[in-house]
Each structure stands twice: as C-alpha cells, then as structure tokens.
Amino acid sequence: MEWKLREAMPRATEERRMGHPPLIVFTDLDGTLLDHESYSFDLARPALDRLAAAGIPLILASSKTAAELDALRRAVGCSDYPAIVENGAGLLEADPDTDDGEYARLLDALEQVSPYLRAYFVGFSDLGVTGVARVTRLPPDEAALAAKRQFSEPGLWHGGPEDLYEFLHALERVGVVGRRGGRFLTLSFGGSKADRMDDIAARYGNPPRLALGDAPNDREMIETADHGVIVANPHGAPLPPLSGEKAGRIQRTTAPGPEGWNTAVLELLDTLDT
C-alpha cells in the first residue's frame with residue numbers, strides 16, 4: 001500500500017511540538033484486530049508494540065458491551081484509553097460497571113410503543129442470558145457479558161416491513177433510533193462509532209486519525225478519518241468503494257484480520273516517520 005497523506009507530516013510534527021500524540025488509532029475488533037476464527041491478535045503484536053512505544057492512543061471500537069470489552073482492552077494493552085462500545089451508543093472509561101441509567105430509560109421508552117408493535121421485537125432483556133446464549137451461540141459466561149447492556153438493546157424482529165416502519169417511527173417520537181445489523185435490530189438513543197471518534201479525538205487535541213474496520217458499520221468511521229483502512233474479510237462481502245479510496249486516503253489490505261491490520265499500521269507509521 002502507498003499512503004497519500006493530507007498534510008499529515010506537518011500536522012504530526014506540530015502535534016509533537018505541542019505535546020500531543022502524532023496520531024490516534026480507532027479500530028474495529030472481530031475480523032479486524034481480532035482473527036475471525038481464533039479471536040487472537042498475536043499477528044498484530046509488532047504494530048501494537050510500536051503504537052505503545054510512540055504513545056499513540058489505541059481506541060477499540062466495537063458492538064461489544066463494556067463488560068465484554070474491559071478484559072480485551074487490558075489484554076491488548078490499551079486500558080489507559082477509552083473504548084467505543086455498543087456500536088457507538090456509549091463509551092467505556094475506567095470502570096466497566098459505571099451505569100447512569102441510560103439502559104433503563106431505553107427500556108422504558110421501548111414500552112411506550114403500542115403492545116401490538118412491541119410484541120414483534122424480542123430484545124436481549126426479553127431473552128435473558130439463556131436466550132442470548134441461544135441466539136448468539138455464545139458460551140453462557142460470554143452471553144452473560146453480552147447481556148450486560150448499558151446503552152443499547154439488540155433484538156430480533158419478527159414482524160413484517162410495514163410493521164417495522166411503524167415501530168421505528170413510534171420509537172423516533174420518544175428519541176430512540178434503530179439500526180439493522182446482520183441479524184439484530186439494535187435500539188439506542190443514537191450515536192455511531194464516527195460520532196464517538198470525534199468526541200475522543202478532541203480529548204487528545206484532534207491529532208490525525210487512523211480508522212480500521214472490515215464491515216458496513218465501520219464505514220462512517222473509516223470515511224471520516226484522515227487515514228482509513230478496510231481490512232480484508234474473506235468471510236463476508238467486501239465493502240463497496242468508499243469516498244477517499246481513489247485519492248489514496250483509504251487503503252485496502254490484502255491479508256485479512258490482524259495480519260492485514262499489522263501491515264497497514266506499520267506502513268502508515270513508517271510514512272509518518274513515527
């Protein structure tokens with residue numbers, strides 16, 4: 001890959017002079033930093049070590065809950081930094097158990113739609129840990145962590161498209177938005193990975209941003225970053241061409257998962273002389 005940078009070198013030099021990091025990295029997990037099959041990040045260790053040595057913040061961005069992400073953040077070595085959880089509906093700071101009641105408010109809002117429409121949506125709170133384990137095929141202990149919601153409510157939709165339209169319209173009136181994923185319809189009070197990326201970058205003086213991902217829910221994050229990487233995913237349909245690819249601001253890896261992640265990060269660090 002050959003990076004074409006938008007004033008990256010002068011800006012990085014200025015950030016160093018001001019005592020700010022020369023770069024901030026936002027990364028998806030499954031199929032990106034983590035291997036699709038083994039969930040290992042061992043092949044990304046050289047780049048992870050180099051980021052740590054340079055003092056570059058590494059921000060994990062995932063659909064996972066804070067409870068799920070906390071141990072992984074410590075294993076990767078980036079527990080000093082916040083993480084984006086539940087697809088951008090919230091942030092994990094120092095304490096994964098911090099809860100300001102947003103999830104309870106979300107469930108209360110869900111009950112304000114008509115019982116007829118509500119019956120079509122079976123959320124994680126309806127399923128319980130056993131049901132979450134069944135629909136996600138997670139082991140019970142992992143399902144328990146996935147069920148510890150703080151900001152969003154994934155669920156299964158059993159109605160038709162017209163009823164879904166009415167359901168989402170009713171939720172909008174109480175401030176709730178719904179996003180369809182591969183299998184689940186996820187409800188929240190809003191926010192995306194890209195929104196949270198803006199919030200976190202501002203804490204560090206808005207250094208240049210690198211964003212890496214492999215799935216449609218990473219698209220906004222990749223497109224709005226200064227440098228974007230689409231990590232090859234042989235297990236899913238490739239992302240369509242994104243804004244910024246022709247100009248070289250967004251790259252695609254050849255190798256999948258952490259191997260491709262490692263190569264892309266190291267090449268950009270070399271280009272930035274970091």
# chains A, B, ... in the order shown; residues from 1 in each chain; ligands from 1
>>> residues_around(residues="Gly181 in chain A", least_positions_apart="6", cutoff="12 Å", atoms="only C-alpha atoms", output="MDAnalysis selection string")
chainID A and resid 63 87 154:157 187 215:218
>>> write_last_selection(atoms="N, CA, C and O atoms", output="PDB file, in the first residue's frame")
ATOM      1  N   SER A  63     -19.137  -3.430  18.687  1.00  0.00           N
ATOM      2  CA  SER A  63     -20.532  -3.617  19.088  1.00  0.00           C
ATOM      3  C   SER A  63     -20.621  -4.270  20.458  1.00  0.00           C
ATOM      4  O   SER A  63     -21.707  -4.378  21.034  1.00  0.00           O
ATOM      5  N   ASN A  87     -21.488  -0.281  19.471  1.00  0.00           N
ATOM      6  CA  ASN A  87     -21.544   0.358  18.152  1.00  0.00           C
ATOM      7  C   ASN A  87     -21.656   1.872  18.207  1.00  0.00           C
ATOM      8  O   ASN A  87     -22.243   2.500  17.326  1.00  0.00           O
ATOM      9  N   PRO A 154     -30.089  -4.756  21.568  1.00  0.00           N
ATOM     10  CA  PRO A 154     -30.247  -5.555  20.354  1.00  0.00           C
ATOM     11  C   PRO A 154     -31.440  -6.496  20.514  1.00  0.00           C
ATOM     12  O   PRO A 154     -31.816  -6.868  21.633  1.00  0.00           O
ATOM     13  N   GLY A 155     -31.998  -6.892  19.391  1.00  0.00           N
ATOM     14  CA  GLY A 155     -33.093  -7.848  19.461  1.00  0.00           C
ATOM     15  C   GLY A 155     -33.451  -8.394  18.097  1.00  0.00           C
ATOM     16  O   GLY A 155     -32.922  -7.961  17.068  1.00  0.00           O
ATOM     17  N   LEU A 156     -34.346  -9.343  18.104  1.00  0.00           N
ATOM     18  CA  LEU A 156     -34.838  -9.974  16.887  1.00  0.00           C
ATOM     19  C   LEU A 156     -36.188  -9.381  16.523  1.00  0.00           C
ATOM     20  O   LEU A 156     -37.052  -9.192  17.391  1.00  0.00           O
ATOM     21  N   TRP A 157     -36.375  -9.079  15.252  1.00  0.00           N
ATOM     22  CA  TRP A 157     -37.643  -8.541  14.758  1.00  0.00           C
ATOM     23  C   TRP A 157     -38.419  -9.655  14.068  1.00  0.00           C
ATOM     24  O   TRP A 157     -37.907 -10.292  13.155  1.00  0.00           O
ATOM     25  N   LEU A 187     -31.501  -0.949  19.162  1.00  0.00           N
ATOM     26  CA  LEU A 187     -32.125   0.310  19.555  1.00  0.00           C
ATOM     27  C   LEU A 187     -31.209   1.074  20.506  1.00  0.00           C
ATOM     28  O   LEU A 187     -30.540   0.479  21.357  1.00  0.00           O
ATOM     29  N   ALA A 215     -16.356  -4.022   8.159  1.00  0.00           N
ATOM     30  CA  ALA A 215     -17.784  -4.267   7.995  1.00  0.00           C
ATOM     31  C   ALA A 215     -18.546  -2.968   7.715  1.00  0.00           C
ATOM     32  O   ALA A 215     -18.016  -1.868   7.941  1.00  0.00           O
ATOM     33  N   PRO A 216     -19.800  -3.079   7.256  1.00  0.00           N
ATOM     34  CA  PRO A 216     -20.588  -1.876   6.953  1.00  0.00           C
ATOM     35  C   PRO A 216     -20.725  -0.911   8.126  1.00  0.00           C
ATOM     36  O   PRO A 216     -20.767   0.308   7.919  1.00  0.00           O
ATOM     37  N   ASN A 217     -20.786  -1.423   9.364  1.00  0.00           N
ATOM     38  CA  ASN A 217     -20.938  -0.497  10.486  1.00  0.00           C
ATOM     39  C   ASN A 217     -19.643   0.242  10.825  1.00  0.00           C
ATOM     40  O   ASN A 217     -19.615   1.063  11.732  1.00  0.00           O
ATOM     41  N   ASP A 218     -18.559  -0.056  10.083  1.00  0.00           N
ATOM     42  CA  ASP A 218     -17.301   0.686  10.229  1.00  0.00           C
ATOM     43  C   ASP A 218     -17.162   1.771   9.163  1.00  0.00           C
ATOM     44  O   ASP A 218     -16.210   2.555   9.206  1.00  0.00           O
TER      45      ASP A 218
END
>>> select_by_dssp(residues="range 15-247 of chain A", states="strand (DSSP E or B)", output="VMD selection string")
chain A and resid 24 to 27 30 34 58 to 61 83 to 85 90 to 92 121 to 123 152 to 157 177 to 180 185 to 188 209 to 213 227 to 232
>>> select_by_dssp(residues="range 63-267 of chain A", states="alpha helix (DSSP H)", output="count of residues only")
84
>>> residues_around(residues="Ala71 in chain A", least_positions_apart="3", cutoff="12 Å", atoms="only C-alpha atoms", output="short mmCIF file (atom, residue, chain, number, x, y, z; two decimals) with all heavy atoms, in the first residue's frame")
data_model
loop_
_atom_site.label_atom_id
_atom_site.label_comp_id
_atom_site.auth_asym_id
_atom_site.auth_seq_id
_atom_site.Cartn_x
_atom_site.Cartn_y
_atom_site.Cartn_z
N LEU A 60 -10.35 1.03 20.97
CA LEU A 60 -11.13 -0.09 20.47
C LEU A 60 -12.56 0.39 20.22
O LEU A 60 -13.14 1.11 21.04
CB LEU A 60 -11.13 -1.24 21.47
CG LEU A 60 -9.75 -1.73 21.94
CD1 LEU A 60 -9.92 -2.94 22.85
CD2 LEU A 60 -8.85 -2.06 20.77
N LYS A 64 -19.49 -4.70 21.01
CA LYS A 64 -19.47 -5.38 22.30
C LYS A 64 -19.83 -4.43 23.43
O LYS A 64 -19.71 -3.22 23.31
CB LYS A 64 -18.09 -5.98 22.55
CG LYS A 64 -17.66 -7.05 21.56
CD LYS A 64 -16.30 -7.61 21.90
CE LYS A 64 -15.80 -8.58 20.85
NZ LYS A 64 -16.66 -9.77 20.71
N THR A 65 -20.26 -5.00 24.55
CA THR A 65 -20.56 -4.22 25.74
C THR A 65 -19.28 -3.85 26.47
O THR A 65 -18.20 -4.41 26.22
CB THR A 65 -21.46 -5.00 26.70
OG1 THR A 65 -20.74 -6.15 27.17
CG2 THR A 65 -22.75 -5.46 26.01
N ALA A 66 -19.40 -2.92 27.43
CA ALA A 66 -18.26 -2.56 28.25
C ALA A 66 -17.73 -3.76 29.02
O ALA A 66 -16.52 -3.94 29.17
CB ALA A 66 -18.64 -1.43 29.22
N ALA A 67 -18.65 -4.60 29.51
CA ALA A 67 -18.23 -5.80 30.26
C ALA A 67 -17.42 -6.74 29.38
O ALA A 67 -16.45 -7.35 29.83
CB ALA A 67 -19.46 -6.52 30.81
N GLU A 68 -17.80 -6.86 28.11
CA GLU A 68 -17.07 -7.72 27.19
C GLU A 68 -15.71 -7.13 26.83
O GLU A 68 -14.72 -7.84 26.68
CB GLU A 68 -17.87 -7.93 25.91
CG GLU A 68 -19.12 -8.76 26.05
CD GLU A 68 -19.89 -8.82 24.74
OE1 GLU A 68 -20.55 -7.82 24.40
OE2 GLU A 68 -19.85 -9.87 24.08
N ARG A 74 -7.57 -4.67 28.35
CA ARG A 74 -6.38 -4.90 29.18
C ARG A 74 -5.41 -5.86 28.49
O ARG A 74 -4.19 -5.68 28.54
CB ARG A 74 -6.79 -5.45 30.54
CG ARG A 74 -7.36 -4.37 31.46
CD ARG A 74 -7.67 -4.89 32.86
NE ARG A 74 -9.02 -5.44 32.94
CZ ARG A 74 -9.30 -6.71 33.12
NH1 ARG A 74 -8.32 -7.60 33.21
NH2 ARG A 74 -10.54 -7.13 33.20
N ALA A 75 -5.94 -6.88 27.81
CA ALA A 75 -5.07 -7.85 27.14
C ALA A 75 -4.31 -7.20 25.99
O ALA A 75 -3.12 -7.49 25.77
CB ALA A 75 -5.91 -9.01 26.62
N VAL A 76 -4.97 -6.34 25.25
CA VAL A 76 -4.33 -5.65 24.12
C VAL A 76 -3.30 -4.64 24.63
O VAL A 76 -2.30 -4.38 23.96
CB VAL A 76 -5.40 -4.96 23.24
CG1 VAL A 76 -4.76 -4.05 22.20
CG2 VAL A 76 -6.26 -6.02 22.54
N GLY A 77 -3.54 -4.08 25.81
CA GLY A 77 -2.61 -3.12 26.37
C GLY A 77 -3.02 -1.68 26.17
O GLY A 77 -2.16 -0.79 26.12
N CYS A 78 -4.33 -1.42 26.07
CA CYS A 78 -4.79 -0.04 25.85
C CYS A 78 -5.84 0.36 26.88
O CYS A 78 -6.74 1.14 26.58
CB CYS A 78 -5.32 0.13 24.43
SG CYS A 78 -6.66 -1.00 23.98
N SER A 79 -5.72 -0.17 28.10
CA SER A 79 -6.71 0.14 29.13
C SER A 79 -6.60 1.56 29.66
O SER A 79 -7.48 2.01 30.40
CB SER A 79 -6.60 -0.86 30.28
OG SER A 79 -5.29 -0.86 30.83
N ALA A 83 -12.81 3.34 25.30
CA ALA A 83 -13.19 2.47 24.19
C ALA A 83 -14.62 2.78 23.78
O ALA A 83 -15.44 3.22 24.61
CB ALA A 83 -13.06 1.00 24.58
N LEU A 92 -16.66 3.21 27.10
CA LEU A 92 -16.09 2.56 28.26
C LEU A 92 -14.94 3.44 28.73
O LEU A 92 -13.98 3.67 28.00
CB LEU A 92 -15.58 1.16 27.90
CG LEU A 92 -14.65 0.48 28.91
CD1 LEU A 92 -15.34 0.30 30.26
CD2 LEU A 92 -14.16 -0.85 28.36
N ALA A 94 -12.89 4.22 32.66
CA ALA A 94 -12.06 3.39 33.54
C ALA A 94 -12.84 2.22 34.12
O ALA A 94 -12.31 1.12 34.27
CB ALA A 94 -11.48 4.26 34.66
N ASP A 95 -14.11 2.43 34.46
CA ASP A 95 -14.90 1.42 35.16
C ASP A 95 -15.98 0.86 34.24
O ASP A 95 -16.89 1.58 33.84
CB ASP A 95 -15.55 2.04 36.40
CG ASP A 95 -16.32 1.03 37.24
OD1 ASP A 95 -16.35 -0.15 36.85
OD2 ASP A 95 -16.87 1.43 38.28
N PRO A 96 -15.91 -0.43 33.90
CA PRO A 96 -16.91 -1.00 33.00
C PRO A 96 -18.30 -1.11 33.61
O PRO A 96 -19.28 -1.31 32.90
CB PRO A 96 -16.35 -2.40 32.69
CG PRO A 96 -15.51 -2.73 33.87
CD PRO A 96 -14.91 -1.43 34.31
N GLU A 142 -19.91 -15.92 28.38
CA GLU A 142 -19.78 -14.82 27.43
C GLU A 142 -21.13 -14.19 27.13
O GLU A 142 -21.23 -12.98 26.92
CB GLU A 142 -19.11 -15.31 26.15
CG GLU A 142 -17.67 -15.75 26.35
CD GLU A 142 -17.00 -16.19 25.05
OE1 GLU A 142 -17.45 -15.76 23.97
OE2 GLU A 142 -16.04 -16.98 25.11
N LEU A 145 -21.96 -11.60 29.70
CA LEU A 145 -21.31 -10.31 29.47
C LEU A 145 -22.00 -9.54 28.34
O LEU A 145 -22.17 -8.32 28.42
CB LEU A 145 -19.84 -10.52 29.13
CG LEU A 145 -18.97 -11.15 30.21
CD1 LEU A 145 -17.54 -11.32 29.72
CD2 LEU A 145 -18.99 -10.31 31.49
#
>>> closest_residue(among="A:Leu171, A:Tyr120, A:Leu269, A:Gly131", to="Ala143 in chain A", atoms="only C-alpha atoms")
A:Gly131
>>> residues_around(residues="Phe121 in chain A", least_positions_apart="5", cutoff="12 Å", atoms="only C-alpha atoms", output="JSON, numbers by chain")
{"A": [107, 110, 111, 113, 114, 115, 116, 126, 127, 153, 154, 155, 156, 157, 158, 159, 160, 163, 164, 167, 168, 178, 184, 185, 186, 187]}
>>> write_last_selection(atoms="N, CA and C atoms", output="PDB file, in the first residue's frame")
ATOM      1  N   LEU A 107     -35.245   1.068  27.911  1.00  0.00           N
ATOM      2  CA  LEU A 107     -36.275   0.041  28.025  1.00  0.00           C
ATOM      3  C   LEU A 107     -37.636   0.660  28.346  1.00  0.00           C
ATOM      4  N   LEU A 110     -39.002   1.979  25.151  1.00  0.00           N
ATOM      5  CA  LEU A 110     -39.469   0.881  24.310  1.00  0.00           C
ATOM      6  C   LEU A 110     -40.893   0.479  24.676  1.00  0.00           C
ATOM      7  N   GLU A 111     -41.224   0.547  25.949  1.00  0.00           N
ATOM      8  CA  GLU A 111     -42.568   0.160  26.391  1.00  0.00           C
ATOM      9  C   GLU A 111     -43.624   1.204  26.049  1.00  0.00           C
ATOM     10  N   VAL A 113     -44.241   2.232  22.986  1.00  0.00           N
ATOM     11  CA  VAL A 113     -44.865   1.916  21.701  1.00  0.00           C
ATOM     12  C   VAL A 113     -46.049   0.991  21.954  1.00  0.00           C
ATOM     13  N   SER A 114     -46.918   0.852  20.970  1.00  0.00           N
ATOM     14  CA  SER A 114     -48.127   0.052  21.160  1.00  0.00           C
ATOM     15  C   SER A 114     -47.757  -1.414  21.441  1.00  0.00           C
ATOM     16  N   PRO A 115     -48.519  -2.094  22.303  1.00  0.00           N
ATOM     17  CA  PRO A 115     -48.243  -3.504  22.594  1.00  0.00           C
ATOM     18  C   PRO A 115     -48.232  -4.375  21.334  1.00  0.00           C
ATOM     19  N   TYR A 116     -49.045  -3.995  20.352  1.00  0.00           N
ATOM     20  CA  TYR A 116     -49.100  -4.750  19.098  1.00  0.00           C
ATOM     21  C   TYR A 116     -47.733  -4.758  18.416  1.00  0.00           C
ATOM     22  N   ASP A 126     -35.534  -9.282  27.020  1.00  0.00           N
ATOM     23  CA  ASP A 126     -36.614 -10.271  26.979  1.00  0.00           C
ATOM     24  C   ASP A 126     -36.054 -11.689  26.982  1.00  0.00           C
ATOM     25  N   LEU A 127     -34.937 -11.887  26.303  1.00  0.00           N
ATOM     26  CA  LEU A 127     -34.366 -13.217  26.142  1.00  0.00           C
ATOM     27  C   LEU A 127     -33.716 -13.742  27.409  1.00  0.00           C
ATOM     28  N   GLU A 153     -30.061  -1.792  23.014  1.00  0.00           N
ATOM     29  CA  GLU A 153     -30.820  -3.034  23.145  1.00  0.00           C
ATOM     30  C   GLU A 153     -30.921  -3.734  21.802  1.00  0.00           C
ATOM     31  N   PRO A 154     -30.089  -4.756  21.568  1.00  0.00           N
ATOM     32  CA  PRO A 154     -30.247  -5.555  20.354  1.00  0.00           C
ATOM     33  C   PRO A 154     -31.440  -6.496  20.514  1.00  0.00           C
ATOM     34  N   GLY A 155     -31.998  -6.892  19.391  1.00  0.00           N
ATOM     35  CA  GLY A 155     -33.093  -7.848  19.461  1.00  0.00           C
ATOM     36  C   GLY A 155     -33.451  -8.394  18.097  1.00  0.00           C
ATOM     37  N   LEU A 156     -34.346  -9.343  18.104  1.00  0.00           N
ATOM     38  CA  LEU A 156     -34.838  -9.974  16.887  1.00  0.00           C
ATOM     39  C   LEU A 156     -36.188  -9.381  16.523  1.00  0.00           C
ATOM     40  N   TRP A 157     -36.375  -9.079  15.252  1.00  0.00           N
ATOM     41  CA  TRP A 157     -37.643  -8.541  14.758  1.00  0.00           C
ATOM     42  C   TRP A 157     -38.419  -9.655  14.068  1.00  0.00           C
ATOM     43  N   HIS A 158     -39.647  -9.870  14.502  1.00  0.00           N
ATOM     44  CA  HIS A 158     -40.457 -10.968  13.980  1.00  0.00           C
ATOM     45  C   HIS A 158     -41.643 -10.481  13.148  1.00  0.00           C
ATOM     46  N   GLY A 159     -41.730  -9.178  12.911  1.00  0.00           N
ATOM     47  CA  GLY A 159     -42.825  -8.643  12.113  1.00  0.00           C
ATOM     48  C   GLY A 159     -42.422  -8.399  10.672  1.00  0.00           C
ATOM     49  N   GLY A 160     -43.329  -7.868   9.904  1.00  0.00           N
ATOM     50  CA  GLY A 160     -43.077  -7.549   8.505  1.00  0.00           C
ATOM     51  C   GLY A 160     -42.487  -6.169   8.338  1.00  0.00           C
ATOM     52  N   ASP A 163     -44.796  -3.190   9.489  1.00  0.00           N
ATOM     53  CA  ASP A 163     -44.830  -3.064  10.942  1.00  0.00           C
ATOM     54  C   ASP A 163     -43.510  -2.517  11.474  1.00  0.00           C
ATOM     55  N   LEU A 164     -42.402  -2.895  10.851  1.00  0.00           N
ATOM     56  CA  LEU A 164     -41.103  -2.374  11.264  1.00  0.00           C
ATOM     57  C   LEU A 164     -41.046  -0.869  11.068  1.00  0.00           C
ATOM     58  N   PHE A 167     -42.995   0.681  13.810  1.00  0.00           N
ATOM     59  CA  PHE A 167     -42.273   0.508  15.074  1.00  0.00           C
ATOM     60  C   PHE A 167     -41.160   1.543  15.204  1.00  0.00           C
ATOM     61  N   LEU A 168     -40.359   1.686  14.165  1.00  0.00           N
ATOM     62  CA  LEU A 168     -39.250   2.638  14.209  1.00  0.00           C
ATOM     63  C   LEU A 168     -39.753   4.073  14.273  1.00  0.00           C
ATOM     64  N   GLY A 178     -33.238   3.041  15.601  1.00  0.00           N
ATOM     65  CA  GLY A 178     -32.945   1.634  15.374  1.00  0.00           C
ATOM     66  C   GLY A 178     -32.029   1.447  14.185  1.00  0.00           C
ATOM     67  N   PHE A 184     -29.436  -8.638  14.038  1.00  0.00           N
ATOM     68  CA  PHE A 184     -30.182  -7.959  15.090  1.00  0.00           C
ATOM     69  C   PHE A 184     -30.586  -6.543  14.687  1.00  0.00           C
ATOM     70  N   LEU A 185     -31.719  -6.124  15.228  1.00  0.00           N
ATOM     71  CA  LEU A 185     -32.147  -4.733  15.189  1.00  0.00           C
ATOM     72  C   LEU A 185     -31.737  -4.142  16.532  1.00  0.00           C
ATOM     73  N   THR A 186     -30.899  -3.100  16.509  1.00  0.00           N
ATOM     74  CA  THR A 186     -30.370  -2.538  17.751  1.00  0.00           C
ATOM     75  C   THR A 186     -30.952  -1.153  17.984  1.00  0.00           C
ATOM     76  N   LEU A 187     -31.501  -0.949  19.162  1.00  0.00           N
ATOM     77  CA  LEU A 187     -32.125   0.310  19.555  1.00  0.00           C
ATOM     78  C   LEU A 187     -31.209   1.074  20.506  1.00  0.00           C
TER      79      LEU A 187
END
>>> closest_residue(among="A:Gly228, A:Gly260, A:Gly90, A:Pro46", to="Pro208 in chain A", atoms="only C-alpha atoms")
A:Gly228
>>> atom_distance(atom1="CA of Ile230 in chain A", atom2="CA of Ala54 in chain A")
23.4 Å
>>> closest_residue(among="A:Ala194, A:Ala133, A:Val122, A:Val265", to="Leu51 in chain A", atoms="only C-alpha atoms")
A:Val265
>>> residues_around(residues="Thr130 in chain A", least_positions_apart="4", cutoff="12 Å", atoms="only C-alpha atoms", output="PyMOL selection string")
chain A and resi 124-126+134-147
>>> residues_around(residues="Pro258 in chain A", least_positions_apart="3", cutoff="7 Å", atoms="only C-alpha atoms", output="PyMOL selection string")
chain A and resi 32-35+41+43-44+261-262
>>> atom_distance(atom1="CA of Arg179 in chain A", atom2="CA of Leu91 in chain A")
18.1 Å
>>> closest_residue(among="A:Ile222, A:Val176, A:Val132, A:Leu210", to="Glu102 in chain A", atoms="only C-alpha atoms")
A:Val176
